[in-house]
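The structure appears right after this line, and notes come after that.
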Amino acid sequence: MAALTSLFKMVNIPNKGRALIAAQDLKAGQTIITESPLLLFSASPLFSPSPSPYCHHCFRTLPPSQTFSCPSCSNYIFCSQKCLSISLNSSHSSWTCQTLSHLQNPASPLSEKSSQLQVQARLIVAAYNLAIHTPSNLETLLSLHSVPNYDKSDAIFGPANFIHSLISPFCPPHMNFSPELAAKVIAIERANSFSLMEPYSPNGPQRSIKAYGIYPITTIFNHDCIPNACRFDYVEKDEHNTDIVIRLIKDVDAGSEICISYQRINKDYSTRKRILMEDFGFVCECDRCKIEANWNEGENKDSDLPHKIFLSKFVCDKVNCSGTLAPLPPKDGEKCNVLECNFCGNLKVDSTT
Ligand SMILES: C[S@@+](CC[C@H](N)C(=O)[O-])C[C@H]1O[C@@H](n2cnc3c(N)ncnc32)[C@H](O)[C@@H]1O
């Protein structure tokens with residue numbers, strides 16, 4: 001067992017791998033970790049028809065007035081001098097700038113490829129850049145879990161090989177970059193990344209993803225379809241804040257596993273099952289899935305669910321939202337009866353407490 005903080009520790013659980021369990025009794029609303037990303041990259045395809053409206057470092061919406069461009073390529077825009085300066089020494093290094101400029105050339109073979117492949121190219125560039133500037137961070141990335149042999153499947157190795165062939169003329173000769181490494185990075189990203197979402201609007205279309213981030217401790221939380229914790233981010237609220245925050249939805253006793261949900265919790269059984277298998281390669285055997293597995297296709301016997309109360313209390317009912325609610329942090333040791341939605345940010349008084 002390894003101690004990660006005084007609040008939780010890491011254990012191995014058969015059929016689940018690493019897991020995080022409470023190291024002491026924890027209270028609903030308690031923040032148990034705030035973590036910065038190891039790797040963060042835009043979800044906007046390289047040949048997007050419209051320029052990204054987000055800062056390329058912190059991913060908050062660009063202010064309408066003054067913005068700051070990369071002095072070399074002018075394609076990448078930042079919300080502040082601070083984000084520009086940090087980025088030029090990290091995620092938008094001169095190597096990244098030169099490589100992305102090459103990949104985004106209108107004659108690039110990538111221009112004909114799918115949006116997904118263009119975003120995967122961003123990921124590979126970001127990972128190679130990590131290897132060049134902070135090799136220990138690449139090691140941490142490569143130590144994360146991925147679905148066994150997924151990186152060798154045609155669905156991953158084909159795109160990885162293609163992207164690597166486009167980037168390889170720019171790779172420093174002493175670095176061991178290879179199609180195998182690129183495939184491993186894609187497989188690891190798929191099983192571990194968190195999405196930073198576009199701002200919520202009740203009238204707008206469904207929110208899409210503006211960036212993907214890998215948070216090496218937070219990623220160890222396993223999944224449960226009735227989670228006792230959920231993630232928040234405050235990218236739009238605070239400047240330069242790409243941290244992810246995990247807060248408890250319910251009290252968690254010492255020794256119990258802390259789980260988040262890898263998807264929206266109001267999804268039906270077959271959708272949840274499909275996503276968990278396709279992206280994470282496992283069959284969920286949580287209490288909720290065990291009950292719903294016995295329902296006929298399309299059947300909804302919510303009243304059978306001991307979890308019905310959980311779903312009605314902790315799924316946000318704002319139009320176009322269905323995020324997960326968690327109490328605000330306790331004050332002076334007392335539980336707070338205000339719930340915050342992790343998707344639209346709405347605050348709601350919990351009248352049931
Ligand atoms: C993001 S990782 C979580 C940490 C992982 N257990 C580890 O050892 O690093 C996701 C992987 O954890 C495992 N996992 C997570 N939740 C699970 C669950 N409820 N049942 C079985 N396996 C689970 C699956 O292998 C999944 O692909």
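Numbering starts fresh at 1 for the residues of each chain in the structure tokens, the chains themselves are lettered A, B, ... in the order given, and ligands are numbered from 1 as they appear.
Around ligand 1, using only C-alpha atoms and all ligand atoms and a cut-off of 8 Å, the residues in contact are A:Asn12, A:Asn15, A:Lys16, A:Gly17, A:Arg18, A:Ala19, A:Leu144, A:His145, A:Ser146, A:Val147, A:Ala191, A:Asn192, A:Ser193, A:Thr219, A:Ile220, A:Phe221, A:Asn222, A:His223, A:Asp224, A:Cys259, A:Leu276, A:Asp279, A:Phe280, A:Gly281, A:Phe282, A:Val283, A:Cys284, A:Glu285, A:Cys286.
For the atom pair formed by CA of Tyr200 in chain A and CA of Phe41 in chain A, the distance is 20.2 Å, given to one decimal.
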Do a neighbour search on range 76-83 of chain A at 6 Å with only C-alpha atoms, toss out local chain neighbours closer than 5 positions, and write the hits as a short mmCIF file (atom, residue, chain, number, x, y, z; two decimals) with C-alpha atoms, in the first residue's frame.
```cif
data_model
loop_
_atom_site.label_atom_id
_atom_site.label_comp_id
_atom_site.auth_asym_id
_atom_site.auth_seq_id
_atom_site.Cartn_x
_atom_site.Cartn_y
_atom_site.Cartn_z
CA CYS A 55 -6.35 30.30 -25.03
CA HIS A 56 -3.86 27.68 -26.22
CA HIS A 57 -2.32 27.42 -22.79
CA LEU A 62 -10.14 34.32 -25.19
CA THR A 67 -4.87 38.66 -27.00
CA PHE A 68 -1.29 37.48 -27.53
CA SER A 69 -0.02 35.41 -30.49
CA CYS A 70 2.98 33.15 -30.83
#
```
So which residues touch Pro227 in chain A within 12 Å, counting only C-alpha atoms, skipping near sequence neighbours fewer than 4 positions away, as a PDB file with C-alpha atoms, in the first residue's frame?
```
ATOM      1  CA  PHE A 221      -9.609   6.642  -9.434  1.00  0.00           C
ATOM      2  CA  ASN A 222     -11.615   3.705 -10.759  1.00  0.00           C
ATOM      3  CA  HIS A 223     -15.111   3.900 -12.173  1.00  0.00           C
ATOM      4  CA  ARG A 231     -14.468  15.956 -10.851  1.00  0.00           C
ATOM      5  CA  ILE A 246     -12.040  15.775  -7.073  1.00  0.00           C
ATOM      6  CA  ARG A 247     -14.767  16.346  -4.473  1.00  0.00           C
ATOM      7  CA  LEU A 248     -16.777  13.801  -2.558  1.00  0.00           C
ATOM      8  CA  ILE A 249     -20.476  13.438  -3.303  1.00  0.00           C
ATOM      9  CA  LYS A 250     -21.125  11.406  -0.161  1.00  0.00           C
ATOM     10  CA  ASP A 251     -19.368  10.568   3.097  1.00  0.00           C
ATOM     11  CA  VAL A 252     -16.743   7.865   2.540  1.00  0.00           C
ATOM     12  CA  SER A 256     -13.733   2.302   1.201  1.00  0.00           C
ATOM     13  CA  GLU A 257     -12.802   2.807  -2.418  1.00  0.00           C
ATOM     14  CA  ILE A 258     -13.234   6.300  -3.854  1.00  0.00           C
ATOM     15  CA  CYS A 259     -14.691   6.113  -7.373  1.00  0.00           C
ATOM     16  CA  ILE A 260     -15.702   8.617 -10.002  1.00  0.00           C
ATOM     17  CA  SER A 261     -17.882   7.965 -13.040  1.00  0.00           C
ATOM     18  CA  TYR A 262     -16.049   7.905 -16.380  1.00  0.00           C
ATOM     19  CA  GLN A 263     -19.201   9.144 -18.130  1.00  0.00           C
ATOM     20  CA  ARG A 264     -22.439  11.028 -17.469  1.00  0.00           C
ATOM     21  CA  ILE A 265     -24.245   9.078 -14.738  1.00  0.00           C
ATOM     22  CA  ASN A 266     -27.714   9.294 -16.299  1.00  0.00           C
ATOM     23  CA  CYS A 286     -21.005  -2.237  -9.822  1.00  0.00           C
ATOM     24  CA  ASP A 287     -24.263  -2.734  -7.882  1.00  0.00           C
ATOM     25  CA  ARG A 288     -26.213  -0.590 -10.337  1.00  0.00           C
ATOM     26  CA  HIS A 307     -30.014   4.150  -6.600  1.00  0.00           C
ATOM     27  CA  PHE A 310     -29.094   9.040  -5.759  1.00  0.00           C
ATOM     28  CA  LEU A 311     -29.868   9.741  -9.414  1.00  0.00           C
ATOM     29  CA  PHE A 314     -27.218  14.163  -7.840  1.00  0.00           C
ATOM     30  CA  VAL A 315     -28.061  14.517 -11.563  1.00  0.00           C
ATOM     31  CA  THR A 324     -23.215  15.491 -11.536  1.00  0.00           C
ATOM     32  CA  LEU A 325     -23.850  17.470  -8.350  1.00  0.00           C
ATOM     33  CA  ALA A 326     -21.618  17.407  -5.289  1.00  0.00           C
TER      34      ALA A 326
END
```
Please determine, counting only C-alpha atoms, which residue among A:Ala43, A:Ala155, A:Ala254, A:Ala131 has the shortest atom-to-atom distance to Ala187 in chain A. A:Ala155
List every residue of range 100-344 of chain A that DSSP, applied to the backbone of this structure, places in helix (DSSP H, G or I), and write the result as a count of residues only. 100
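Comparing the minimum interatomic distances between Ser153 in chain A and each of A:Ser312, A:Ile186, A:Thr96, A:Thr271, counting only C-alpha atoms, we find that A:Ile186 sits nearest.
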For Cys171 in chain A, find every residue with an atom within 10 Å (counting only C-alpha atoms), except residues of its own chain fewer than 4 positions away, and show them as JSON, numbers by chain. {"A": [95, 99, 125, 128, 129, 132, 164, 167, 175, 176, 177, 178]}
Residue subset to file, keeping C-alpha atoms, as an mmCIF file, in the first residue's frame:
```
data_model
loop_
_atom_site.group_PDB
_atom_site.id
_atom_site.type_symbol
_atom_site.label_atom_id
_atom_site.label_comp_id
_atom_site.auth_asym_id
_atom_site.auth_seq_id
_atom_site.Cartn_x
_atom_site.Cartn_y
_atom_site.Cartn_z
ATOM 1 C CA TRP A 95 10.051 22.412 -31.530
ATOM 2 C CA THR A 99 6.362 20.728 -36.087
ATOM 3 C CA VAL A 125 3.368 16.200 -30.868
ATOM 4 C CA TYR A 128 7.155 14.025 -28.028
ATOM 5 C CA ASN A 129 7.552 17.604 -26.791
ATOM 6 C CA ILE A 132 12.255 16.549 -25.261
ATOM 7 C CA HIS A 164 4.854 9.333 -36.659
ATOM 8 C CA ILE A 167 6.652 14.038 -37.543
ATOM 9 C CA MET A 175 15.422 10.638 -29.126
ATOM 10 C CA ASN A 176 13.953 7.144 -29.399
ATOM 11 C CA PHE A 177 10.694 8.191 -31.007
ATOM 12 C CA SER A 178 8.961 5.397 -32.927
#
```
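For range 91-300 of chain A, a DSSP pass over the backbone yields strand (DSSP E) at Phe194, Ser195, Leu196, Met197, Ile209, Lys210, Ala211, Tyr212, Gly213, Ile214, Asn222, His223, Ala229, Cys230, Arg231, Phe232, Asp233, Ile244, Val245, Ile246, Arg247, Leu248, Cys259 and Ile260 of chain A.
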Could you please take those selected residues and save C-alpha atoms as a PDB file, in the first residue's frame?
```pdb
ATOM      1  CA  PHE A 194     -10.101  13.952 -18.796  1.00  0.00           C
ATOM      2  CA  SER A 195     -12.021  16.291 -21.069  1.00  0.00           C
ATOM      3  CA  LEU A 196     -12.149  20.014 -20.415  1.00  0.00           C
ATOM      4  CA  MET A 197     -15.532  21.067 -21.730  1.00  0.00           C
ATOM      5  CA  ILE A 209     -14.643  19.196 -25.697  1.00  0.00           C
ATOM      6  CA  LYS A 210     -12.043  21.956 -25.890  1.00  0.00           C
ATOM      7  CA  ALA A 211      -9.031  20.104 -24.523  1.00  0.00           C
ATOM      8  CA  TYR A 212      -7.879  16.763 -23.157  1.00  0.00           C
ATOM      9  CA  GLY A 213      -5.694  16.534 -20.054  1.00  0.00           C
ATOM     10  CA  ILE A 214      -3.833  13.748 -18.310  1.00  0.00           C
ATOM     11  CA  ASN A 222     -11.615   3.705 -10.759  1.00  0.00           C
ATOM     12  CA  HIS A 223     -15.111   3.900 -12.173  1.00  0.00           C
ATOM     13  CA  ALA A 229     -16.794  11.417  -5.910  1.00  0.00           C
ATOM     14  CA  CYS A 230     -16.769  13.600  -8.996  1.00  0.00           C
ATOM     15  CA  ARG A 231     -14.468  15.956 -10.851  1.00  0.00           C
ATOM     16  CA  PHE A 232     -14.653  19.705 -11.234  1.00  0.00           C
ATOM     17  CA  ASP A 233     -12.548  22.215 -13.134  1.00  0.00           C
ATOM     18  CA  ILE A 244      -8.762  19.190 -11.910  1.00  0.00           C
ATOM     19  CA  VAL A 245     -10.479  18.917  -8.539  1.00  0.00           C
ATOM     20  CA  ILE A 246     -12.040  15.775  -7.073  1.00  0.00           C
ATOM     21  CA  ARG A 247     -14.767  16.346  -4.473  1.00  0.00           C
ATOM     22  CA  LEU A 248     -16.777  13.801  -2.558  1.00  0.00           C
ATOM     23  CA  CYS A 259     -14.691   6.113  -7.373  1.00  0.00           C
ATOM     24  CA  ILE A 260     -15.702   8.617 -10.002  1.00  0.00           C
TER      25      ILE A 260
END
```
Return the single residue from A:Gly255, A:Gln30, A:Leu142, A:Arg274 that is closest to Val11 in chain A, with distances computed using only C-alpha atoms. A:Gly255
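Each of A:Asn241, A:Thr34, A:Asn75, A:Ser115 was compared to Leu100 in chain A using only C-alpha atoms, and A:Asn75 turns out to be the nearest.
Each of A:Ile188, A:Leu46, A:Ala182, A:Leu166 was checked against Leu141 in chain A using only C-alpha atoms; the smallest atom-to-atom distance is that of A:Ile188.
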May I ask which of the residues A:Ala107, A:Cys97, A:Ala160, A:Leu38 is the closest one to Ile124 in chain A, counting only C-alpha atoms? A:Ala160
